[in-house]
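Structure data (mmCIF, C-alpha atoms and all ligand atoms) from target-v5.cif:
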```cif
data_model
#
loop_
_atom_site.group_PDB
_atom_site.id
_atom_site.type_symbol
_atom_site.label_atom_id
_atom_site.label_comp_id
_atom_site.auth_asym_id
_atom_site.auth_seq_id
_atom_site.Cartn_x
_atom_site.Cartn_y
_atom_site.Cartn_z
ATOM 1 C CA MET A 1 11.138 22.193 -16.137
ATOM 2 C CA ASN A 2 9.407 25.217 -14.552
ATOM 3 C CA ASN A 3 8.095 26.449 -11.218
ATOM 4 C CA LEU A 4 4.431 26.473 -12.178
ATOM 5 C CA LEU A 5 3.379 24.732 -8.945
ATOM 6 C CA GLU A 6 5.866 26.329 -6.552
ATOM 7 C CA GLY A 7 4.679 25.913 -2.948
ATOM 8 C CA LYS A 8 1.500 24.026 -3.894
ATOM 9 C CA ILE A 9 0.227 20.866 -2.218
ATOM 10 C CA ALA A 10 -0.826 18.307 -4.819
ATOM 11 C CA LEU A 11 -2.543 14.921 -4.716
ATOM 12 C CA VAL A 12 -2.224 12.322 -7.484
ATOM 13 C CA THR A 13 -4.310 9.131 -7.483
ATOM 14 C CA GLY A 14 -3.023 6.151 -9.409
ATOM 15 C CA GLY A 15 0.445 7.567 -8.798
ATOM 16 C CA ALA A 16 2.272 4.239 -8.784
ATOM 17 C CA ASN A 17 2.322 3.753 -12.550
ATOM 18 C CA GLY A 18 1.998 5.260 -15.970
ATOM 19 C CA ILE A 19 0.402 8.686 -16.333
ATOM 20 C CA GLY A 20 -0.078 9.171 -12.574
ATOM 21 C CA ARG A 21 3.530 8.366 -11.779
ATOM 22 C CA ALA A 22 4.874 10.690 -14.485
ATOM 23 C CA THR A 23 2.540 13.470 -13.345
ATOM 24 C CA ALA A 24 3.482 13.125 -9.673
ATOM 25 C CA ILE A 25 7.141 13.444 -10.680
ATOM 26 C CA ALA A 26 6.425 16.416 -12.974
ATOM 27 C CA MET A 27 4.351 18.177 -10.304
ATOM 28 C CA ALA A 28 7.185 17.802 -7.810
ATOM 29 C CA ARG A 29 9.649 19.098 -10.400
ATOM 30 C CA ALA A 30 7.342 22.095 -10.875
ATOM 31 C CA GLY A 31 7.634 22.871 -7.156
ATOM 32 C CA ALA A 32 4.702 21.048 -5.547
ATOM 33 C CA SER A 33 4.781 18.800 -2.508
ATOM 34 C CA VAL A 34 3.009 15.699 -3.768
ATOM 35 C CA VAL A 35 0.913 13.035 -2.083
ATOM 36 C CA VAL A 36 1.193 9.921 -4.224
ATOM 37 C CA ALA A 37 -1.883 7.748 -3.677
ATOM 38 C CA ASP A 38 -2.445 4.286 -5.088
ATOM 39 C CA ILE A 39 -4.118 1.006 -4.253
ATOM 40 C CA VAL A 40 -0.623 -0.524 -4.531
ATOM 41 C CA PRO A 41 1.351 0.948 -1.617
ATOM 42 C CA ASP A 42 4.763 -0.283 -2.796
ATOM 43 C CA GLY A 43 4.284 1.491 -6.117
ATOM 44 C CA ALA A 44 3.270 4.729 -4.401
ATOM 45 C CA SER A 45 6.378 4.460 -2.232
ATOM 46 C CA GLU A 46 8.560 3.849 -5.277
ATOM 47 C CA THR A 47 7.255 6.997 -7.020
ATOM 48 C CA SER A 48 7.746 8.989 -3.807
ATOM 49 C CA ARG A 49 11.294 7.695 -3.465
ATOM 50 C CA GLU A 50 12.091 8.809 -6.999
ATOM 51 C CA ILE A 51 10.716 12.282 -6.262
ATOM 52 C CA ALA A 52 12.765 12.507 -3.057
ATOM 53 C CA HIS A 53 15.840 11.253 -4.933
ATOM 54 C CA ASN A 54 15.425 14.192 -7.331
ATOM 55 C CA GLY A 55 15.221 16.628 -4.413
ATOM 56 C CA GLY A 56 11.428 16.941 -4.254
ATOM 57 C CA THR A 57 8.901 16.336 -1.491
ATOM 58 C CA ALA A 58 6.494 13.397 -1.720
ATOM 59 C CA VAL A 59 4.454 11.246 0.615
ATOM 60 C CA PRO A 60 3.033 7.854 -0.397
ATOM 61 C CA LEU A 61 -0.482 6.912 0.614
ATOM 62 C CA GLU A 62 -2.431 3.692 0.171
ATOM 63 C CA CYS A 63 -5.980 4.303 -1.022
ATOM 64 C CA ASP A 64 -8.606 2.356 -2.930
ATOM 65 C CA VAL A 65 -10.604 5.103 -4.624
ATOM 66 C CA SER A 66 -13.616 2.817 -5.040
ATOM 67 C CA SER A 67 -14.330 3.233 -1.301
ATOM 68 C CA GLU A 68 -15.695 6.603 -0.223
ATOM 69 C CA ASN A 69 -14.467 6.023 3.331
ATOM 70 C CA ALA A 70 -10.953 5.442 2.035
ATOM 71 C CA VAL A 71 -11.139 8.555 -0.149
ATOM 72 C CA GLU A 72 -12.343 10.707 2.742
ATOM 73 C CA ALA A 73 -9.534 9.369 4.941
ATOM 74 C CA MET A 74 -7.018 10.086 2.149
ATOM 75 C CA ILE A 75 -8.059 13.738 1.867
ATOM 76 C CA GLN A 76 -8.081 14.134 5.656
ATOM 77 C CA SER A 77 -4.596 12.704 5.794
ATOM 78 C CA VAL A 78 -3.344 15.157 3.112
ATOM 79 C CA VAL A 79 -4.835 18.103 4.993
ATOM 80 C CA LYS A 80 -3.497 16.845 8.332
ATOM 81 C CA ARG A 81 -0.005 16.423 6.888
ATOM 82 C CA PHE A 82 0.234 19.626 4.821
ATOM 83 C CA GLY A 83 -2.546 21.860 6.150
ATOM 84 C CA ARG A 84 -4.273 22.197 2.789
ATOM 85 C CA LEU A 85 -4.798 20.812 -0.707
ATOM 86 C CA ASP A 86 -4.247 23.032 -3.759
ATOM 87 C CA CYS A 87 -4.222 20.651 -6.735
ATOM 88 C CA ALA A 88 -5.689 17.220 -7.283
ATOM 89 C CA PHE A 89 -5.180 14.870 -10.205
ATOM 90 C CA ASN A 90 -7.929 12.224 -10.052
ATOM 91 C CA ASN A 91 -6.374 9.716 -12.363
ATOM 92 C CA ALA A 92 -6.703 6.207 -10.876
ATOM 93 C CA GLY A 93 -8.441 3.938 -13.342
ATOM 94 C CA ILE A 94 -8.796 0.388 -14.601
ATOM 95 C CA GLU A 95 -9.468 -0.820 -18.111
ATOM 96 C CA GLY A 96 -11.941 -3.593 -17.311
ATOM 97 C CA ALA A 97 -12.866 -6.514 -19.535
ATOM 98 C CA ARG A 98 -12.832 -5.962 -23.312
ATOM 99 C CA VAL A 99 -15.796 -7.978 -24.507
ATOM 100 C CA PRO A 100 -18.919 -7.180 -26.518
ATOM 101 C CA MET A 101 -21.652 -5.359 -24.587
ATOM 102 C CA THR A 102 -23.895 -8.426 -24.786
ATOM 103 C CA GLU A 103 -21.302 -10.435 -22.851
ATOM 104 C CA PHE A 104 -20.384 -7.808 -20.298
ATOM 105 C CA LEU A 105 -20.966 -9.011 -16.704
ATOM 106 C CA GLU A 106 -22.792 -7.008 -14.061
ATOM 107 C CA SER A 107 -19.968 -7.647 -11.575
ATOM 108 C CA GLU A 108 -17.444 -6.212 -14.039
ATOM 109 C CA TRP A 109 -19.699 -3.203 -14.671
ATOM 110 C CA ASP A 110 -19.781 -2.504 -10.914
ATOM 111 C CA ARG A 111 -16.005 -2.888 -10.556
ATOM 112 C CA VAL A 112 -15.117 -0.542 -13.417
ATOM 113 C CA ILE A 113 -17.760 2.056 -12.550
ATOM 114 C CA ASP A 114 -16.806 2.003 -8.849
ATOM 115 C CA VAL A 115 -13.131 2.752 -9.521
ATOM 116 C CA ASN A 116 -13.343 4.990 -12.566
ATOM 117 C CA LEU A 117 -16.569 6.943 -12.133
ATOM 118 C CA LYS A 118 -17.601 6.731 -8.466
ATOM 119 C CA GLY A 119 -13.943 7.108 -7.461
ATOM 120 C CA THR A 120 -13.624 10.326 -9.448
ATOM 121 C CA TRP A 121 -16.823 11.696 -7.924
ATOM 122 C CA THR A 122 -15.909 10.865 -4.308
ATOM 123 C CA CYS A 123 -12.409 12.278 -4.778
ATOM 124 C CA MET A 124 -13.891 15.531 -6.099
ATOM 125 C CA LYS A 125 -16.511 15.621 -3.337
ATOM 126 C CA HIS A 126 -13.945 15.496 -0.525
ATOM 127 C CA GLU A 127 -11.279 17.560 -2.282
ATOM 128 C CA ILE A 128 -13.723 20.355 -3.037
ATOM 129 C CA LYS A 129 -14.995 20.443 0.564
ATOM 130 C CA HIS A 130 -11.470 21.324 1.669
ATOM 131 C CA MET A 131 -10.761 23.649 -1.243
ATOM 132 C CA LEU A 132 -13.921 25.639 -0.476
ATOM 133 C CA ASP A 133 -12.557 26.485 2.969
ATOM 134 C CA ARG A 134 -9.575 28.211 1.322
ATOM 135 C CA GLY A 135 -11.479 29.616 -1.649
ATOM 136 C CA SER A 136 -9.129 28.129 -4.233
ATOM 137 C CA GLY A 137 -8.122 24.889 -5.843
ATOM 138 C CA SER A 138 -7.582 23.132 -9.128
ATOM 139 C CA ILE A 139 -8.732 19.651 -10.066
ATOM 140 C CA VAL A 140 -7.868 17.636 -13.160
ATOM 141 C CA ASN A 141 -9.690 14.366 -13.858
ATOM 142 C CA THR A 142 -8.492 11.692 -16.254
ATOM 143 C CA SER A 143 -11.108 10.780 -18.825
ATOM 144 C CA SER A 144 -10.104 9.361 -22.221
ATOM 145 C CA VAL A 145 -10.819 9.733 -25.908
ATOM 146 C CA ALA A 146 -13.260 6.916 -25.034
ATOM 147 C CA GLY A 147 -15.115 9.619 -23.065
ATOM 148 C CA LEU A 148 -16.156 11.356 -26.272
ATOM 149 C CA ILE A 149 -16.434 8.547 -28.821
ATOM 150 C CA GLY A 150 -17.656 4.969 -28.676
ATOM 151 C CA MET A 151 -14.966 2.317 -28.750
ATOM 152 C CA LYS A 152 -15.819 -1.319 -29.342
ATOM 153 C CA GLY A 153 -15.581 -3.555 -26.267
ATOM 154 C CA SER A 154 -15.447 -0.738 -23.728
ATOM 155 C CA THR A 155 -18.942 -0.912 -22.219
ATOM 156 C CA ALA A 156 -18.290 0.169 -18.626
ATOM 157 C CA TYR A 157 -15.011 1.943 -19.382
ATOM 158 C CA GLY A 158 -16.616 4.076 -22.071
ATOM 159 C CA ALA A 159 -19.611 4.840 -19.844
ATOM 160 C CA ALA A 160 -17.316 5.820 -16.960
ATOM 161 C CA LYS A 161 -15.076 8.014 -19.125
ATOM 162 C CA HIS A 162 -18.083 9.797 -20.664
ATOM 163 C CA GLY A 163 -19.412 10.206 -17.109
ATOM 164 C CA ILE A 164 -16.156 11.758 -15.894
ATOM 165 C CA ILE A 165 -16.536 14.514 -18.483
ATOM 166 C CA GLY A 166 -20.081 15.119 -17.228
ATOM 167 C CA LEU A 167 -18.939 15.232 -13.593
ATOM 168 C CA THR A 168 -16.115 17.595 -14.544
ATOM 169 C CA LYS A 169 -18.524 20.030 -16.176
ATOM 170 C CA VAL A 170 -21.023 19.922 -13.289
ATOM 171 C CA ALA A 171 -18.301 20.568 -10.697
ATOM 172 C CA ALA A 172 -16.774 23.315 -12.861
ATOM 173 C CA VAL A 173 -20.017 25.296 -13.069
ATOM 174 C CA GLU A 174 -21.000 24.641 -9.450
ATOM 175 C CA PHE A 175 -17.744 25.989 -8.019
ATOM 176 C CA ALA A 176 -16.346 28.374 -10.656
ATOM 177 C CA ASP A 177 -17.369 31.455 -8.667
ATOM 178 C CA ARG A 178 -15.743 30.092 -5.504
ATOM 179 C CA GLY A 179 -12.200 29.848 -6.841
ATOM 180 C CA ILE A 180 -12.172 26.207 -7.870
ATOM 181 C CA ARG A 181 -11.344 25.064 -11.397
ATOM 182 C CA VAL A 182 -12.149 21.566 -12.641
ATOM 183 C CA ASN A 183 -10.951 20.160 -15.969
ATOM 184 C CA ALA A 184 -10.491 16.793 -17.632
ATOM 185 C CA VAL A 185 -7.711 15.420 -19.819
ATOM 186 C CA LEU A 186 -8.491 12.881 -22.520
ATOM 187 C CA PRO A 187 -5.455 10.738 -23.289
ATOM 188 C CA GLY A 188 -5.277 8.836 -26.560
ATOM 189 C CA ALA A 189 -2.967 5.821 -26.670
ATOM 190 C CA VAL A 190 -0.232 6.351 -24.105
ATOM 191 C CA ARG A 191 2.400 3.724 -23.453
ATOM 192 C CA THR A 192 1.849 2.563 -19.842
ATOM 193 C CA PRO A 193 1.348 -0.714 -17.963
ATOM 194 C CA MET A 194 -2.365 -0.370 -18.842
ATOM 195 C CA THR A 195 -1.763 -0.282 -22.594
ATOM 196 C CA ASP A 196 0.815 -3.056 -22.250
ATOM 197 C CA ARG A 197 -1.871 -5.198 -20.611
ATOM 198 C CA LEU A 198 -4.394 -4.306 -23.314
ATOM 199 C CA MET A 199 -1.966 -5.147 -26.116
ATOM 200 C CA GLY A 200 -0.650 -8.271 -24.448
ATOM 201 C CA ASN A 201 2.462 -8.519 -26.643
ATOM 202 C CA ASP A 202 0.268 -8.880 -29.721
ATOM 203 C CA PRO A 203 1.844 -6.946 -32.628
ATOM 204 C CA GLU A 204 -1.530 -6.717 -34.404
ATOM 205 C CA ARG A 205 -3.168 -5.024 -31.427
ATOM 206 C CA GLU A 206 -0.186 -2.718 -31.097
ATOM 207 C CA ALA A 207 -0.495 -1.790 -34.768
ATOM 208 C CA MET A 208 -4.208 -1.080 -34.248
ATOM 209 C CA TYR A 209 -3.421 1.328 -31.398
ATOM 210 C CA MET A 210 -0.806 3.069 -33.529
ATOM 211 C CA SER A 211 -3.097 3.265 -36.552
ATOM 212 C CA ILE A 212 -5.813 5.284 -34.785
ATOM 213 C CA GLN A 213 -3.323 7.915 -33.617
ATOM 214 C CA PRO A 214 -2.494 10.309 -36.485
ATOM 215 C CA ILE A 215 0.757 11.359 -34.841
ATOM 216 C CA GLY A 216 1.966 7.857 -35.702
ATOM 217 C CA ARG A 217 3.316 6.874 -32.310
ATOM 218 C CA PHE A 218 2.191 6.306 -28.742
ATOM 219 C CA GLY A 219 1.992 9.251 -26.409
ATOM 220 C CA THR A 220 4.297 9.186 -23.417
ATOM 221 C CA PRO A 221 3.181 9.615 -19.798
ATOM 222 C CA ASP A 222 5.462 12.675 -19.628
ATOM 223 C CA GLU A 223 3.484 14.347 -22.428
ATOM 224 C CA LEU A 224 0.295 13.962 -20.390
ATOM 225 C CA ALA A 225 2.071 15.182 -17.274
ATOM 226 C CA GLU A 226 3.092 18.445 -18.981
ATOM 227 C CA VAL A 227 -0.538 19.241 -19.756
ATOM 228 C CA VAL A 228 -1.781 18.308 -16.274
ATOM 229 C CA VAL A 229 0.867 20.488 -14.611
ATOM 230 C CA TRP A 230 -0.207 23.452 -16.729
ATOM 231 C CA LEU A 231 -3.943 22.883 -16.167
ATOM 232 C CA SER A 232 -3.293 22.566 -12.417
ATOM 233 C CA SER A 233 -1.324 25.802 -12.288
ATOM 234 C CA ASP A 234 -2.408 29.415 -11.973
ATOM 235 C CA SER A 235 -1.272 29.882 -15.584
ATOM 236 C CA ALA A 236 -4.567 28.219 -16.552
ATOM 237 C CA SER A 237 -6.610 30.572 -14.352
ATOM 238 C CA LEU A 238 -9.357 31.121 -16.948
ATOM 239 C CA VAL A 239 -9.662 27.468 -17.913
ATOM 240 C CA THR A 240 -12.418 25.460 -16.275
ATOM 241 C CA GLY A 241 -14.921 22.853 -17.386
ATOM 242 C CA ILE A 242 -12.959 21.689 -20.412
ATOM 243 C CA ALA A 243 -12.403 18.167 -21.694
ATOM 244 C CA MET A 244 -8.976 18.471 -23.283
ATOM 245 C CA PRO A 245 -7.822 15.811 -25.732
ATOM 246 C CA VAL A 246 -4.134 14.971 -25.383
ATOM 247 C CA ASP A 247 -4.313 12.365 -28.074
ATOM 248 C CA GLY A 248 -1.950 12.921 -30.988
ATOM 249 C CA GLY A 249 -4.931 13.866 -33.149
ATOM 250 C CA ILE A 250 -7.258 10.885 -32.647
ATOM 251 C CA LEU A 251 -10.358 13.006 -32.084
ATOM 252 C CA ALA A 252 -9.529 15.256 -35.019
HETATM 253 N N1 LIG A 301 -2.695 4.660 -21.140
HETATM 254 C C1 LIG A 301 -3.595 5.091 -21.988
HETATM 255 O O1 LIG A 301 -3.435 4.962 -23.201
HETATM 256 C C2 LIG A 301 -4.834 5.772 -21.474
HETATM 257 C C3 LIG A 301 -5.728 6.286 -22.432
HETATM 258 C C4 LIG A 301 -6.869 6.940 -21.992
HETATM 259 C C5 LIG A 301 -7.104 7.084 -20.641
HETATM 260 N N2 LIG A 301 -6.230 6.556 -19.746
HETATM 261 C C6 LIG A 301 -6.550 6.722 -18.326
HETATM 262 O O2 LIG A 301 -5.427 7.277 -17.664
HETATM 263 C C7 LIG A 301 -5.426 6.854 -16.295
HETATM 264 C C8 LIG A 301 -4.076 6.269 -15.962
HETATM 265 O O3 LIG A 301 -3.871 5.179 -16.834
HETATM 266 P P1 LIG A 301 -2.461 4.473 -17.037
HETATM 267 O O4 LIG A 301 -2.397 4.094 -18.442
HETATM 268 O O5 LIG A 301 -1.385 5.269 -16.410
HETATM 269 O O6 LIG A 301 -2.782 3.144 -16.193
HETATM 270 P P2 LIG A 301 -1.853 2.216 -15.291
HETATM 271 O O7 LIG A 301 -2.581 0.948 -15.120
HETATM 272 O O8 LIG A 301 -0.502 2.204 -15.835
HETATM 273 O O9 LIG A 301 -1.860 3.013 -13.903
HETATM 274 C C9 LIG A 301 -3.056 3.154 -13.179
HETATM 275 C C10 LIG A 301 -2.742 3.236 -11.696
HETATM 276 O O10 LIG A 301 -3.998 3.310 -10.989
HETATM 277 C C11 LIG A 301 -3.909 2.471 -9.838
HETATM 278 N N3 LIG A 301 -5.241 2.035 -9.422
HETATM 279 C C12 LIG A 301 -6.038 1.114 -10.008
HETATM 280 N N4 LIG A 301 -7.156 0.950 -9.296
HETATM 281 C C13 LIG A 301 -7.072 1.794 -8.230
HETATM 282 C C14 LIG A 301 -7.925 2.071 -7.128
HETATM 283 N N5 LIG A 301 -9.086 1.417 -6.950
HETATM 284 N N6 LIG A 301 -7.533 2.998 -6.228
HETATM 285 C C15 LIG A 301 -6.344 3.633 -6.368
HETATM 286 N N7 LIG A 301 -5.480 3.397 -7.381
HETATM 287 C C16 LIG A 301 -5.858 2.491 -8.307
HETATM 288 C C17 LIG A 301 -3.048 1.305 -10.307
HETATM 289 O O11 LIG A 301 -2.489 0.588 -9.220
HETATM 290 C C18 LIG A 301 -2.018 2.004 -11.171
HETATM 291 O O12 LIG A 301 -0.891 2.407 -10.412
HETATM 292 C C19 LIG A 301 -6.596 5.889 -16.154
HETATM 293 O O13 LIG A 301 -7.715 6.557 -15.624
HETATM 294 C C20 LIG A 301 -6.862 5.459 -17.583
HETATM 295 O O14 LIG A 301 -8.180 5.040 -17.787
HETATM 296 C C21 LIG A 301 -5.107 5.906 -20.120
#
```

Can you present the structure in this file as structure tokens?
Ligand SMILES: NC(=O)c1ccc[n+]([C@@H]2O[C@H](COP(=O)([O-])OP(=O)(O)OC[C@H]3O[C@@H](n4cnc5c(N)ncnc54)[C@H](O)[C@@H]3O)[C@@H](O)[C@H]2O)c1
Amino acid sequence: MNNLLEGKIALVTGGANGIGRATAIAMARAGASVVVADIVPDGASETSREIAHNGGTAVPLECDVSSENAVEAMIQSVVKRFGRLDCAFNNAGIEGARVPMTEFLESEWDRVIDVNLKGTWTCMKHEIKHMLDRGSGSIVNTSSVAGLIGMKGSTAYGAAKHGIIGLTKVAAVEFADRGIRVNAVLPGAVRTPMTDRLMGNDPEREAMYMSIQPIGRFGTPDELAEVVVWLSSDSASLVTGIAMPVDGGILA
């Protein structure tokens, strides 16, 4: 592919599946040593094995990003293992229940917000602390097109994804003059285990997902990975605080 991340140390959360897995593999191909973190340790190991099989360097790590203690321990473990952290892709997320707002449960709200929104904040908090010591770093957060527009049935998910864009902008302006860039990617409909769960083998739901995407097909995890690798790299040195749709034209 390229050597955009040659010699960098990268962290990917939600690296066992879908967009995170593809990005961990792409980052390694671009020259980074990658820590693949996920709540499912076997999946993180599987991604790491694939990277190693292709000649790259990867370390799996179990982490539940909804726990700040676990997130802090994850970052400490990256720094202990590699001495620093250059790039972070805060991507772990869950879809949550798809029901009308009036039926949405408080417990489900807490679960989705804790993983998607609080998890992104605590990851940034501890990543940035380490990046500040070195005076450089690049962070990419995964939001969604549901972070800019309302989508029916996505109460907590939509709130979290809007919130991630807000967090991204706050961090970008707080740390821009200290060498740290923070951006968000907004996937549209990308074919992953998450979208498979949401569609549940229902051709009508699949057709609905296709119909909102002007490009006329699902995005692939690799297409997201390409963008994240670039945003993470020094080639994007002037880019910070953006919420970048990677959505086949949905938001257009
Ligand atoms: N697939 C899409 O169409 C789409 C669209 C917009 C946004 N997104 C976002 O992209 C990101 C990745 O989605 P995906 O489609 O690859 O999903 P996925 O379900 O295929 O993969 C998500 C990964 O996150 C991990 N994870 C879940 N909870 C975690 C936790 N508490 N701590 C650590 N890891 C955890 C899962 O084990 C899984 O490996 C998510 O934030 C999602 O909201 C996806």

Select, from A:Thr192, A:Thr240, A:Thr168, A:Ser33, the residue with the minimum atom-to-atom distance to ligand LIG 301 (chain A), counting all atoms listed in the file.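 Under the stated criterion, the closest residue is A:Thr192.
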
Kindly provide, as AutoDock Vina command-line options, the centre and edge lengths (Å, one decimal) of an axis-aligned box around all atoms of ligand LIG 301 (chain A) given in the file, with 6 Å on each side.
```
--center_x -4.8 --center_y 3.9 --center_z -14.7 --size_x 20.6 --size_y 18.7 --size_z 29.0
```

Taking all atoms listed in the file into account, which of A:Trp109, A:Gly153, A:Asn90, A:Glu223 comes nearest Lys125 in chain A?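 Distance minimum relative to Lys125 in chain A lands on A:Asn90.
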
Within 7 Å of ligand LIG 301 (chain A), which residues of chain A show up? Give each one with its shortest atom-to-atom distance in Å (one decimal) and the two atoms involved, counting only C-alpha atoms and all ligand atoms, rows by chain then rising residue number, as a tab-separated table.
```
residue	atom	partner	partner_atom	distance
A:Thr13	CA	A:LIG301	N7	5.9
A:Gly14	CA	A:LIG301	O10	3.4
A:Gly15	CA	A:LIG301	O12	5.6
A:Ala16	CA	A:LIG301	O12	4.0
A:Asn17	CA	A:LIG301	O12	4.1
A:Gly18	CA	A:LIG301	O5	3.4
A:Ile19	CA	A:LIG301	O5	3.9
A:Gly20	CA	A:LIG301	O5	5.6
A:Ala37	CA	A:LIG301	C15	6.6
A:Asp38	CA	A:LIG301	N7	3.9
A:Ile39	CA	A:LIG301	C15	4.0
A:Val40	CA	A:LIG301	O11	5.2
A:Gly43	CA	A:LIG301	O12	6.8
A:Cys63	CA	A:LIG301	C15	5.4
A:Asp64	CA	A:LIG301	N6	3.5
A:Val65	CA	A:LIG301	N6	4.1
A:Ser66	CA	A:LIG301	N5	5.1
A:Asn91	CA	A:LIG301	O13	4.7
A:Ala92	CA	A:LIG301	O10	4.0
A:Gly93	CA	A:LIG301	O13	3.5
A:Ile94	CA	A:LIG301	C12	5.4
A:Glu95	CA	A:LIG301	O14	6.0
A:Val115	CA	A:LIG301	N5	5.0
A:Asn116	CA	A:LIG301	O13	6.6
A:Thr142	CA	A:LIG301	O13	5.2
A:Ser143	CA	A:LIG301	C5	5.7
A:Ser144	CA	A:LIG301	C4	4.0
A:Val145	CA	A:LIG301	C4	6.2
A:Leu186	CA	A:LIG301	C4	6.2
A:Pro187	CA	A:LIG301	C4	4.3
A:Gly188	CA	A:LIG301	C3	4.9
A:Ala189	CA	A:LIG301	O1	3.6
A:Val190	CA	A:LIG301	O1	3.6
A:Arg191	CA	A:LIG301	N1	5.7
A:Thr192	CA	A:LIG301	O8	4.7
A:Pro193	CA	A:LIG301	O8	4.1
A:Met194	CA	A:LIG301	O7	4.0
A:Thr195	CA	A:LIG301	N1	5.2
```

What's the 12 Å shell around range 56-61 of chain A, counting all atoms listed in the file, without same-chain residues fewer than 4 positions away, as a ChimeraX atom specification? /A:6-16,21,24-52,65,70-71,73-78,81-82

Between A:Val227, A:Val140, A:Ile250, A:Ala236, which is the closest to Met210 in chain A once you count all atoms listed in the file?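 Ranked by minimum distance to Met210 in chain A, first place goes to A:Ile250.
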
From the list A:Ser232, A:Asn141, A:Thr23, A:Asn69, which residue is nearest Lys169 in chain A when using all atoms listed in the file?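 The answer is A:Asn141, which sits nearest to Lys169 in chain A.
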